[in-house]
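Q: Dropping in structure-v2.tsv, with TSV, C-alpha atoms and all ligand atoms.
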chain	number	residue	atom	x	y	z
L	1	MET	CA	-10.88	167.32	-104.67
L	2	LYS	CA	-9.10	166.64	-107.93
L	3	ILE	CA	-8.83	163.03	-109.05
L	4	GLU	CA	-5.82	162.16	-111.18
L	5	ILE	CA	-5.97	158.80	-112.91
L	6	ILE	CA	-2.56	157.09	-112.84
L	7	LYS	CA	-2.10	154.04	-115.05
L	8	CYS	CA	-0.02	151.32	-113.39
L	9	LEU	CA	1.37	147.97	-114.51
L	10	GLU	CA	-0.50	146.37	-117.45
L	11	ASP	CA	-4.04	147.59	-116.95
L	12	ASN	CA	-4.34	148.82	-113.35
L	13	PHE	CA	-5.69	152.19	-112.31
L	14	SER	CA	-4.33	154.01	-109.31
L	15	TYR	CA	-5.87	157.32	-108.28
L	16	LEU	CA	-4.37	160.40	-106.70
L	17	LEU	CA	-6.93	162.46	-104.77
L	18	ILE	CA	-5.61	165.97	-104.42
L	19	ASN	CA	-6.66	168.98	-102.38
L	20	GLU	CA	-5.70	171.68	-104.85
L	21	GLU	CA	-5.54	174.36	-102.15
L	22	ASN	CA	-2.70	172.80	-100.16
L	23	SER	CA	-1.53	169.99	-102.51
L	24	ASN	CA	-2.19	167.34	-99.86
L	25	ALA	CA	-3.08	164.00	-101.42
L	26	CYS	CA	-4.15	160.40	-100.94
L	27	VAL	CA	-3.39	157.60	-103.36
L	28	VAL	CA	-5.77	154.71	-103.92
L	29	ASP	CA	-4.22	151.31	-104.78
L	30	PRO	CA	-0.73	152.19	-105.97
L	31	GLY	CA	0.04	149.01	-107.92
L	32	GLU	CA	3.56	150.31	-108.47
L	33	ALA	CA	5.41	153.35	-107.19
L	34	LYS	CA	7.04	154.72	-110.34
L	35	PRO	CA	4.15	156.43	-112.21
L	36	VAL	CA	2.71	157.72	-108.92
L	37	LEU	CA	6.11	159.12	-107.88
L	38	LYS	CA	6.50	160.84	-111.22
L	39	TYR	CA	3.18	162.66	-110.88
L	40	ILE	CA	3.91	163.60	-107.27
L	41	GLU	CA	7.31	165.01	-108.14
L	42	ASP	CA	6.23	166.81	-111.32
L	43	ASN	CA	3.33	168.46	-109.48
L	44	LYS	CA	4.84	169.00	-106.01
L	45	ILE	CA	2.17	167.01	-104.21
L	46	ASN	CA	2.28	166.13	-100.48
L	47	LEU	CA	1.35	162.48	-100.26
L	48	LYS	CA	-0.29	161.89	-96.88
L	49	TYR	CA	-2.22	158.65	-97.17
L	50	ILE	CA	-2.23	155.37	-99.08
L	51	LEU	CA	-5.65	153.70	-99.34
L	52	ASN	CA	-5.78	150.00	-100.24
L	53	THR	CA	-8.96	148.26	-101.38
L	54	HIS	CA	-7.45	144.78	-100.94
L	55	HIS	CA	-4.23	142.88	-100.48
L	56	HIS	CA	-3.38	141.79	-104.05
L	57	GLY	CA	0.07	142.79	-105.24
L	58	ASP	CA	-1.21	144.79	-108.20
L	59	HIS	CA	-2.96	147.11	-105.71
L	60	ILE	CA	-0.33	147.43	-102.96
L	61	GLY	CA	2.92	147.01	-104.92
L	62	GLY	CA	3.84	150.68	-104.56
L	63	ASN	CA	3.04	150.93	-100.83
L	64	ASN	CA	6.53	150.45	-99.40
L	65	ILE	CA	8.35	152.94	-101.59
L	66	LEU	CA	5.66	155.61	-101.27
L	67	LYS	CA	5.37	155.13	-97.52
L	68	SER	CA	9.08	155.39	-96.86
L	69	ARG	CA	9.64	158.23	-99.30
L	70	PHE	CA	6.86	160.51	-98.01
L	71	ASN	CA	6.11	159.03	-94.61
L	72	ALA	CA	2.57	158.42	-95.89
L	73	LYS	CA	0.19	156.42	-93.71
L	74	ILE	CA	-1.35	153.21	-95.03
L	75	LEU	CA	-5.10	152.78	-94.49
L	76	ALA	CA	-6.62	149.33	-94.99
L	77	PHE	CA	-9.21	146.92	-93.63
L	78	GLU	CA	-8.38	145.72	-90.14
L	79	ASN	CA	-8.87	142.04	-91.04
L	80	ASP	CA	-6.16	142.37	-93.69
L	81	LYS	CA	-3.51	143.21	-91.09
L	82	ASP	CA	-1.63	139.98	-91.81
L	83	LYS	CA	-1.90	140.39	-95.57
L	84	ILE	CA	-1.00	144.04	-96.11
L	85	PRO	CA	2.34	144.98	-94.52
L	86	MET	CA	2.75	148.06	-92.35
L	87	ILE	CA	-0.85	149.26	-92.09
L	88	ASP	CA	-0.96	152.45	-89.96
L	89	ILE	CA	-4.71	153.01	-89.72
L	90	PHE	CA	-7.13	150.08	-89.49
L	91	LEU	CA	-10.55	150.51	-91.03
L	92	ASN	CA	-13.86	148.83	-90.17
L	93	ASP	CA	-17.02	148.26	-92.16
L	94	GLY	CA	-19.30	151.30	-92.06
L	95	GLN	CA	-16.69	153.55	-90.47
L	96	VAL	CA	-16.46	157.16	-91.60
L	97	TRP	CA	-12.88	158.43	-91.80
L	98	LYS	CA	-11.89	162.03	-92.38
L	99	ASP	CA	-8.80	164.20	-92.62
L	100	ASP	CA	-8.33	167.43	-94.57
L	101	ILE	CA	-10.96	167.37	-97.34
L	102	PHE	CA	-10.79	163.59	-97.60
L	103	GLU	CA	-13.87	162.00	-96.08
L	104	PHE	CA	-15.14	158.52	-96.92
L	105	LYS	CA	-17.22	155.68	-95.61
L	106	VAL	CA	-15.74	152.19	-95.58
L	107	MET	CA	-17.84	149.55	-97.35
L	108	HIS	CA	-16.78	145.97	-96.68
L	109	VAL	CA	-17.45	144.02	-99.89
L	110	PRO	CA	-16.13	140.46	-99.55
L	111	GLY	CA	-15.99	138.13	-102.56
L	112	HIS	CA	-12.92	138.92	-104.65
L	113	THR	CA	-11.01	138.75	-101.37
L	114	LEU	CA	-12.45	138.33	-97.88
L	115	GLY	CA	-11.20	141.72	-96.75
L	116	HIS	CA	-12.01	143.79	-99.83
L	117	ILE	CA	-13.31	147.29	-99.09
L	118	CYS	CA	-14.62	150.17	-101.18
L	119	PHE	CA	-14.02	153.82	-100.31
L	120	TYR	CA	-17.24	155.79	-100.64
L	121	PHE	CA	-16.64	159.56	-100.68
L	122	PHE	CA	-20.29	160.31	-99.93
L	123	ASN	CA	-19.97	164.12	-100.03
L	124	LYS	CA	-18.58	163.94	-103.54
L	125	LYS	CA	-20.67	160.95	-104.65
L	126	ILE	CA	-17.61	159.00	-105.72
L	127	VAL	CA	-16.74	155.39	-104.95
L	128	PHE	CA	-13.46	153.53	-105.45
L	129	THR	CA	-14.40	149.92	-106.12
L	130	GLY	CA	-11.02	148.16	-106.60
L	131	ASP	CA	-11.57	144.67	-108.01
L	132	THR	CA	-15.18	144.30	-106.82
L	133	LEU	CA	-17.11	146.32	-109.40
L	134	PHE	CA	-15.66	147.12	-112.81
L	135	SER	CA	-17.34	148.92	-115.65
L	136	LEU	CA	-19.54	146.23	-117.25
L	137	GLY	CA	-18.04	143.53	-115.04
L	138	CYS	CA	-17.16	142.41	-111.56
L	139	GLY	CA	-14.12	140.84	-109.94
L	140	ARG	CA	-13.42	137.13	-109.92
L	141	VAL	CA	-14.53	135.36	-106.78
L	142	PHE	CA	-11.22	134.23	-105.23
L	143	GLU	CA	-11.58	134.10	-101.47
L	144	GLY	CA	-15.28	134.57	-100.76
L	145	SER	CA	-18.33	132.79	-102.13
L	146	HIS	CA	-20.64	133.75	-104.98
L	147	ASP	CA	-23.14	134.64	-102.29
L	148	ASP	CA	-20.63	137.08	-100.74
L	149	MET	CA	-19.93	138.72	-104.07
L	150	PHE	CA	-23.63	138.95	-104.98
L	151	ASN	CA	-24.40	140.65	-101.65
L	152	SER	CA	-21.41	142.99	-102.02
L	153	LEU	CA	-22.61	144.08	-105.45
L	154	CYS	CA	-26.09	144.64	-104.00
L	155	LYS	CA	-24.53	147.03	-101.46
L	156	LEU	CA	-22.94	149.01	-104.29
L	157	LYS	CA	-26.19	148.96	-106.27
L	158	SER	CA	-27.89	150.83	-103.46
L	159	LEU	CA	-25.63	153.90	-103.80
L	160	PRO	CA	-27.17	157.01	-105.41
L	161	LEU	CA	-27.52	156.67	-109.18
L	162	GLU	CA	-25.24	159.61	-109.92
L	163	THR	CA	-22.35	158.13	-107.90
L	164	LYS	CA	-19.20	158.00	-110.02
L	165	ILE	CA	-17.33	154.70	-110.01
L	166	TYR	CA	-13.53	154.56	-110.11
L	167	PHE	CA	-12.51	150.93	-110.59
L	168	GLY	CA	-9.25	148.99	-110.42
L	169	HIS	CA	-8.64	147.76	-113.97
L	170	GLU	CA	-9.19	148.77	-117.57
L	171	TYR	CA	-11.13	145.63	-118.49
L	172	THR	CA	-14.08	147.52	-119.95
L	173	LEU	CA	-13.79	146.58	-123.62
L	174	ASN	CA	-13.50	142.87	-122.91
L	175	ASN	CA	-16.31	143.13	-120.36
L	176	SER	CA	-18.51	144.83	-122.94
L	177	ILE	CA	-18.15	141.88	-125.31
L	178	PHE	CA	-19.37	139.52	-122.58
L	179	CYS	CA	-22.32	141.77	-121.64
L	180	ASN	CA	-23.26	142.18	-125.28
L	181	LYS	CA	-23.26	138.43	-125.85
L	182	PHE	CA	-25.98	137.88	-123.24
L	183	ASP	CA	-27.83	141.18	-123.55
L	184	GLU	CA	-27.53	142.17	-127.19
L	185	ASN	CA	-30.81	144.09	-127.41
L	186	ASN	CA	-29.98	146.42	-124.50
L	187	SER	CA	-29.96	149.84	-126.14
L	188	GLU	CA	-28.29	151.54	-123.14
L	189	LEU	CA	-25.50	148.97	-123.32
L	190	ASN	CA	-25.08	149.51	-127.04
L	191	LYS	CA	-24.81	153.26	-126.47
L	192	LYS	CA	-22.24	152.74	-123.73
L	193	ILE	CA	-20.17	150.46	-125.95
L	194	ILE	CA	-19.97	153.17	-128.62
L	195	ASP	CA	-18.82	155.63	-125.95
L	196	ILE	CA	-16.25	153.18	-124.57
L	197	LYS	CA	-14.75	152.55	-127.99
L	198	LYS	CA	-14.55	156.26	-128.67
L	199	LYS	CA	-12.64	156.84	-125.43
L	200	LEU	CA	-10.24	153.95	-125.98
L	201	ASN	CA	-9.59	154.97	-129.60
L	202	ASN	CA	-8.61	158.39	-128.31
L	203	GLY	CA	-6.24	156.85	-125.77
L	204	LEU	CA	-8.51	157.76	-122.86
L	205	PRO	CA	-9.43	155.55	-119.90
L	206	THR	CA	-13.04	154.38	-119.49
L	207	VAL	CA	-13.14	155.59	-115.85
L	208	PRO	CA	-15.25	156.86	-114.30
L	209	SER	CA	-18.49	155.03	-114.86
L	210	SER	CA	-21.59	155.64	-112.74
L	211	ILE	CA	-24.00	153.55	-110.72
L	212	LYS	CA	-26.75	154.46	-113.19
L	213	ASP	CA	-24.72	153.31	-116.20
L	214	GLU	CA	-23.81	150.06	-114.49
L	215	LEU	CA	-27.39	149.35	-113.38
L	216	ASP	CA	-28.48	149.90	-116.98
L	217	CYS	CA	-25.67	148.00	-118.68
L	218	ASN	CA	-23.67	145.69	-116.40
L	219	ILE	CA	-25.05	142.18	-116.69
L	220	PHE	CA	-23.71	141.21	-113.26
L	221	LEU	CA	-25.71	144.00	-111.62
L	222	ARG	CA	-28.74	143.16	-113.74
L	223	ALA	CA	-28.75	139.51	-112.58
L	224	LYS	CA	-32.03	139.04	-110.71
L	225	ASN	CA	-30.84	136.56	-108.11
L	226	LEU	CA	-27.86	134.64	-106.79
L	227	LYS	CA	-28.40	131.74	-109.17
L	228	GLU	CA	-28.39	133.94	-112.24
L	229	PHE	CA	-25.37	135.86	-110.96
L	230	SER	CA	-23.41	132.67	-110.20
L	231	LYS	CA	-24.07	131.26	-113.65
L	232	LEU	CA	-22.81	134.45	-115.31
L	233	ARG	CA	-19.74	134.61	-113.07
L	234	ASP	CA	-18.84	131.00	-113.95
L	235	LEU	CA	-19.31	131.66	-117.66
L	236	LYS	CA	-17.15	134.78	-117.44
L	237	ASP	CA	-14.36	132.86	-115.72
L	238	ASN	CA	-13.99	130.79	-118.89
L	239	PHE	CA	-14.72	133.57	-121.37
Y	1	ZN	ZN	-7.42	141.81	-106.99
Y	2	FE	FE	-6.38	143.67	-109.37
Would you kindly transcribe this structure into structure tokens?

A:
Amino acid sequence: MKIEIIKCLEDNFSYLLINEENSNACVVDPGEAKPVLKYIEDNKINLKYILNTHHHGDHIGGNNILKSRFNAKILAFENDKDKIPMIDIFLNDGQVWKDDIFEFKVMHVPGHTLGHICFYFFNKKIVFTGDTLFSLGCGRVFEGSHDDMFNSLCKLKSLPLETKIYFGHEYTLNNSIFCNKFDENNSELNKKIIDIKKKLNNGLPTVPSSIKDELDCNIFLRAKNLKEFSKLRDLKDNF
């Protein structure tokens, strides 16, 4: 399974997951159709499925055009049926879904939104975390509670260390400044910051990260309890 990173809008990442043997593909969170369409057309891809982590416009904005153009099916959390138009396949927490070489487990991770899900491709040790877990950060708590978000991050923390994380936004540099402010003697973090800057200076995205890197460096995952997490989240909201 090839993963093509498609930059959308200001700082969103959409991902095309491609079976290179038959060119069948899924797209995760197409924030807009145009850059996804361009890749599909340039590379003669068959878009079969659209996977949405949550209902925000910057993650579903390309759904309609891609669905009507390729007759692709939209997969999203069943409780978001009134928030994401034209869902074809409803997903539940813990469900394993498979077609072609695409096989993932649904992880319900409320907090950023109530119906946020992550797609865990357990055979490949890859997880698409949308706006729940970013590199060196986490999503704002909009619809759920801090408790929800803390528990959702704990679920992600329990994935195998080598799991690669594909997240929804390029916020990594700004996130690194926040982490560094509260954890300046963390040598793993300092190493990661050097690596991040190198990538960005070369015009490269900072995806993917890994569960190990985030456990070592992400201050929101390093928070020992709900109270510590909530304090950091509130500080970050005004950072
Ligand atoms: Zn969002
Ligand atoms: Fe977003």

Q: Quick one: residues within 6 Å of Asn52 of chain L, only C-alpha atoms, excluding same-chain residues fewer than 4 positions away - as a ChimeraX atom specification?

A: /L:28-29,76

Q: Please identify the residues whose atoms come within 9 Å of ligand FE 2 (chain Y), using all atoms listed in the file, and report them as a ChimeraX atom specification.

A: /L:11-12,31,54,56-59,130-131,139,168-169

Q: Choose the residue, out of L:Gly203, L:Pro160, L:Gly115, L:Pro35, that has the smallest atom-to-atom separation from ligand ZN 1 (chain Y); count all atoms listed in the file.

A: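 Result for the nearest residue to ligand ZN 1 (chain Y): L:Gly115.
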
Q: Would you mind listing what lies within 12 Å of Trp97 of chain L as a list in words, with only C-alpha atoms counted and same-chain residues fewer than 4 positions away left out?

A: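 Listed by chain and then number, they are Tyr49, Leu51, Leu75, Ala76, Ile89, Phe90, Leu91, Asn92, Asp93, Ile101, Phe102, Glu103, Phe104, Lys105, Val106, Met107, Phe119, Tyr120, Phe121 and Phe122 of chain L.
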
Q: With C-alpha atoms retained, export the selected residues as a short mmCIF file (atom, residue, chain, number, x, y, z; two decimals), in the frame of the given file.

A:
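Once written, part_6.cif looks like this:
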data_model
loop_
_atom_site.label_atom_id
_atom_site.label_comp_id
_atom_site.auth_asym_id
_atom_site.auth_seq_id
_atom_site.Cartn_x
_atom_site.Cartn_y
_atom_site.Cartn_z
CA TYR L 49 -2.22 158.65 -97.17
CA LEU L 51 -5.65 153.70 -99.34
CA LEU L 75 -5.10 152.78 -94.49
CA ALA L 76 -6.62 149.33 -94.99
CA ILE L 89 -4.71 153.01 -89.72
CA PHE L 90 -7.13 150.08 -89.49
CA LEU L 91 -10.55 150.51 -91.03
CA ASN L 92 -13.86 148.83 -90.17
CA ASP L 93 -17.02 148.26 -92.16
CA ILE L 101 -10.96 167.37 -97.34
CA PHE L 102 -10.79 163.59 -97.60
CA GLU L 103 -13.87 162.00 -96.08
CA PHE L 104 -15.14 158.52 -96.92
CA LYS L 105 -17.22 155.68 -95.61
CA VAL L 106 -15.74 152.19 -95.58
CA MET L 107 -17.84 149.55 -97.35
CA PHE L 119 -14.02 153.82 -100.31
CA TYR L 120 -17.24 155.79 -100.64
CA PHE L 121 -16.64 159.56 -100.68
CA PHE L 122 -20.29 160.31 -99.93
#

Q: Measure the distance from atom CA of Ile65 of chain L to atom CA of Pro205 of chain L in Å and round it to one decimal.

A: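 Straight-line distance from atom CA of Ile65 of chain L to atom CA of Pro205 of chain L works out to 25.7 Å.
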
Q: Residues within 12 Å of Asn190 of chain L, please, as a ChimeraX atom specification. Count all atoms listed in the file; anything in the same chain fewer than 2 positions from it doesn't count.

A: /L:136,176-177,179-181,183-188,192-197,213,216-218

Q: Find the residues around Leu226 of chain L up to 10 Å (only C-alpha atoms counted), leave out those fewer than 2 positions away in its own chain, and share them as a tab-separated table (two decimals) with C-alpha atoms, keeping the file's coordinate frame.

A:
chain	number	residue	atom	x	y	z
L	146	HIS	CA	-20.64	133.75	-104.98
L	147	ASP	CA	-23.14	134.64	-102.29
L	148	ASP	CA	-20.63	137.08	-100.74
L	149	MET	CA	-19.93	138.72	-104.07
L	150	PHE	CA	-23.63	138.95	-104.98
L	151	ASN	CA	-24.40	140.65	-101.65
L	223	ALA	CA	-28.75	139.51	-112.58
L	224	LYS	CA	-32.03	139.04	-110.71
L	228	GLU	CA	-28.39	133.94	-112.24
L	229	PHE	CA	-25.37	135.86	-110.96
L	230	SER	CA	-23.41	132.67	-110.20
L	231	LYS	CA	-24.07	131.26	-113.65
L	232	LEU	CA	-22.81	134.45	-115.31

Q: Select, from L:Asn22, L:Ser68, L:Thr132, L:Ser145, the residue with the minimum atom-to-atom distance to Thr53 of chain L, counting all atoms listed in the file.

A: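 Under the stated criterion, the closest residue is L:Thr132.
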
Q: Between atom CA of Ile219 of chain L and atom CA of Lys191 of chain L, what distance in Å does the model show, to one decimal?

A: 14.8 Å

Q: Which distance in Å separates atom CA of Leu66 of chain L and atom CA of His116 of chain L, to one decimal?

A: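 For atom CA of Leu66 of chain L relative to atom CA of His116 of chain L, the distance reads 21.3 Å.
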
Q: Return as AutoDock Vina command-line options the box centre and box size in Å, one decimal, for an axis-aligned box around all listed atoms of segment 61-69 of chain L padded by 4 Å per side.

A:
--center_x 6.3 --center_y 152.6 --center_z -100.9 --size_x 14.7 --size_y 19.2 --size_z 16.1

Q: Using all atoms listed in the file for the distances, tell me which of L:Asn24, L:Thr172, L:Asn225, L:Thr113 is nearest to Ser209 of chain L.

A: L:Thr172

Q: Restricting the calculation to all atoms listed in the file, which member of L:Arg140, L:Lys34, L:Lys44, L:Lys124 is positioned closest to ligand ZN 1 (chain Y)?

A: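 That would be L:Arg140, the residue with the smallest distance to ligand ZN 1 (chain Y).
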
Q: Which residue is closest to Glu214 of chain L? Choose from L:Ile165, L:Ile18, L:Ile84, L:Cys26 and count only C-alpha atoms.

A: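 For Glu214 of chain L, the nearest of the given residues is L:Ile165.
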
Q: Just checking: using all atoms listed in the file, which residue out of L:Asp42, L:Ala25, L:His112, L:Asn19 ends up closest to Phe70 of chain L?

A: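 The closest residue to Phe70 of chain L is L:Ala25.
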
Q: Which residues, protein or nucleic acid, reach to within 9 Å of (-3.0, 163.5, -105.6) in the file's coordinates when using only C-alpha atoms, and can you give that as a list of chain:residue names?

A: L:Met1, L:Lys2, L:Ile3, L:Glu4, L:Tyr15, L:Leu16, L:Leu17, L:Ile18, L:Asn19, L:Glu20, L:Ser23, L:Asn24, L:Ala25, L:Cys26, L:Val27, L:Val36, L:Tyr39, L:Ile40, L:Asn43, L:Ile45, L:Asn46, L:Leu47

Q: Got a moment to write segment 63-148 of chain L out with C-alpha atoms, as a CSV table (one decimal), in the first residue's frame?

A:
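Everything below was put into out.csv:
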chain,number,residue,atom,x,y,z
L,63,ASN,CA,-16.2,14.6,-0.6
L,64,ASN,CA,-19.0,15.7,-2.9
L,65,ILE,CA,-16.9,16.3,-6.0
L,66,LEU,CA,-14.8,13.1,-5.5
L,67,LYS,CA,-17.9,11.0,-4.8
L,68,SER,CA,-19.8,12.2,-7.9
L,69,ARG,CA,-16.8,12.1,-10.2
L,70,PHE,CA,-15.6,8.6,-9.3
L,71,ASN,CA,-18.7,7.1,-7.7
L,72,ALA,CA,-16.5,6.6,-4.6
L,73,LYS,CA,-18.2,5.5,-1.4
L,74,ILE,CA,-17.9,7.6,1.8
L,75,LEU,CA,-17.0,5.8,5.0
L,76,ALA,CA,-17.6,7.6,8.3
L,77,PHE,CA,-18.7,7.1,11.9
L,78,GLU,CA,-22.3,6.2,12.2
L,79,ASN,CA,-23.1,8.8,14.8
L,80,ASP,CA,-22.0,11.5,12.3
L,81,LYS,CA,-24.7,10.6,9.8
L,82,ASP,CA,-26.4,14.0,10.3
L,83,LYS,CA,-23.1,15.9,10.1
L,84,ILE,CA,-21.4,14.3,7.1
L,85,PRO,CA,-23.6,14.3,4.0
L,86,MET,CA,-24.1,11.2,1.9
L,87,ILE,CA,-22.3,8.6,4.0
L,88,ASP,CA,-22.5,5.2,2.2
L,89,ILE,CA,-20.9,2.9,4.8
L,90,PHE,CA,-21.4,3.5,8.5
L,91,LEU,CA,-18.6,2.6,10.9
L,92,ASN,CA,-18.6,1.6,14.5
L,93,ASP,CA,-16.0,1.7,17.3
L,94,GLY,CA,-13.8,-1.3,17.2
L,95,GLN,CA,-15.1,-2.5,13.8
L,96,VAL,CA,-12.7,-4.1,11.3
L,97,TRP,CA,-13.4,-3.1,7.7
L,98,LYS,CA,-11.7,-4.6,4.7
L,99,ASP,CA,-11.8,-4.4,0.9
L,100,ASP,CA,-9.0,-5.1,-1.5
L,101,ILE,CA,-5.7,-4.5,0.4
L,102,PHE,CA,-7.3,-1.9,2.6
L,103,GLU,CA,-8.0,-3.2,6.1
L,104,PHE,CA,-8.4,-1.1,9.2
L,105,LYS,CA,-9.8,-1.0,12.6
L,106,VAL,CA,-12.1,1.9,13.7
L,107,MET,CA,-11.0,3.7,16.8
L,108,HIS,CA,-13.6,6.1,18.3
L,109,VAL,CA,-11.7,9.0,19.8
L,110,PRO,CA,-14.1,11.7,21.0
L,111,GLY,CA,-12.8,15.1,22.2
L,112,HIS,CA,-12.1,17.3,19.2
L,113,THR,CA,-15.5,16.3,17.9
L,114,LEU,CA,-17.9,13.7,19.5
L,115,GLY,CA,-17.7,11.4,16.5
L,116,HIS,CA,-14.0,11.6,15.7
L,117,ILE,CA,-12.5,8.3,14.6
L,118,CYS,CA,-9.0,7.1,13.7
L,119,PHE,CA,-8.3,4.5,11.0
L,120,TYR,CA,-5.8,2.0,12.3
L,121,PHE,CA,-4.3,-0.1,9.5
L,122,PHE,CA,-3.1,-2.8,12.0
L,123,ASN,CA,-1.4,-5.0,9.3
L,124,LYS,CA,0.7,-2.1,8.2
L,125,LYS,CA,1.1,-0.5,11.6
L,126,ILE,CA,-0.2,2.8,10.4
L,127,VAL,CA,-2.8,5.1,12.0
L,128,PHE,CA,-4.6,8.1,10.5
L,129,THR,CA,-5.3,10.4,13.4
L,130,GLY,CA,-7.1,13.4,11.9
L,131,ASP,CA,-7.4,16.2,14.4
L,132,THR,CA,-7.0,14.1,17.5
L,133,LEU,CA,-3.2,13.5,17.6
L,134,PHE,CA,-0.8,15.7,15.8
L,135,SER,CA,3.0,15.5,15.9
L,136,LEU,CA,3.9,17.2,19.2
L,137,GLY,CA,0.3,18.3,19.8
L,138,CYS,CA,-3.3,17.3,20.0
L,139,GLY,CA,-6.5,18.7,18.6
L,140,ARG,CA,-8.5,21.4,20.4
L,141,VAL,CA,-11.3,20.1,22.5
L,142,PHE,CA,-14.4,21.4,20.7
L,143,GLU,CA,-17.3,19.0,21.3
L,144,GLY,CA,-16.2,16.6,23.9
L,145,SER,CA,-14.6,17.1,27.3
L,146,HIS,CA,-11.0,17.2,28.4
L,147,ASP,CA,-11.7,13.8,30.0
L,148,ASP,CA,-12.8,12.5,26.6
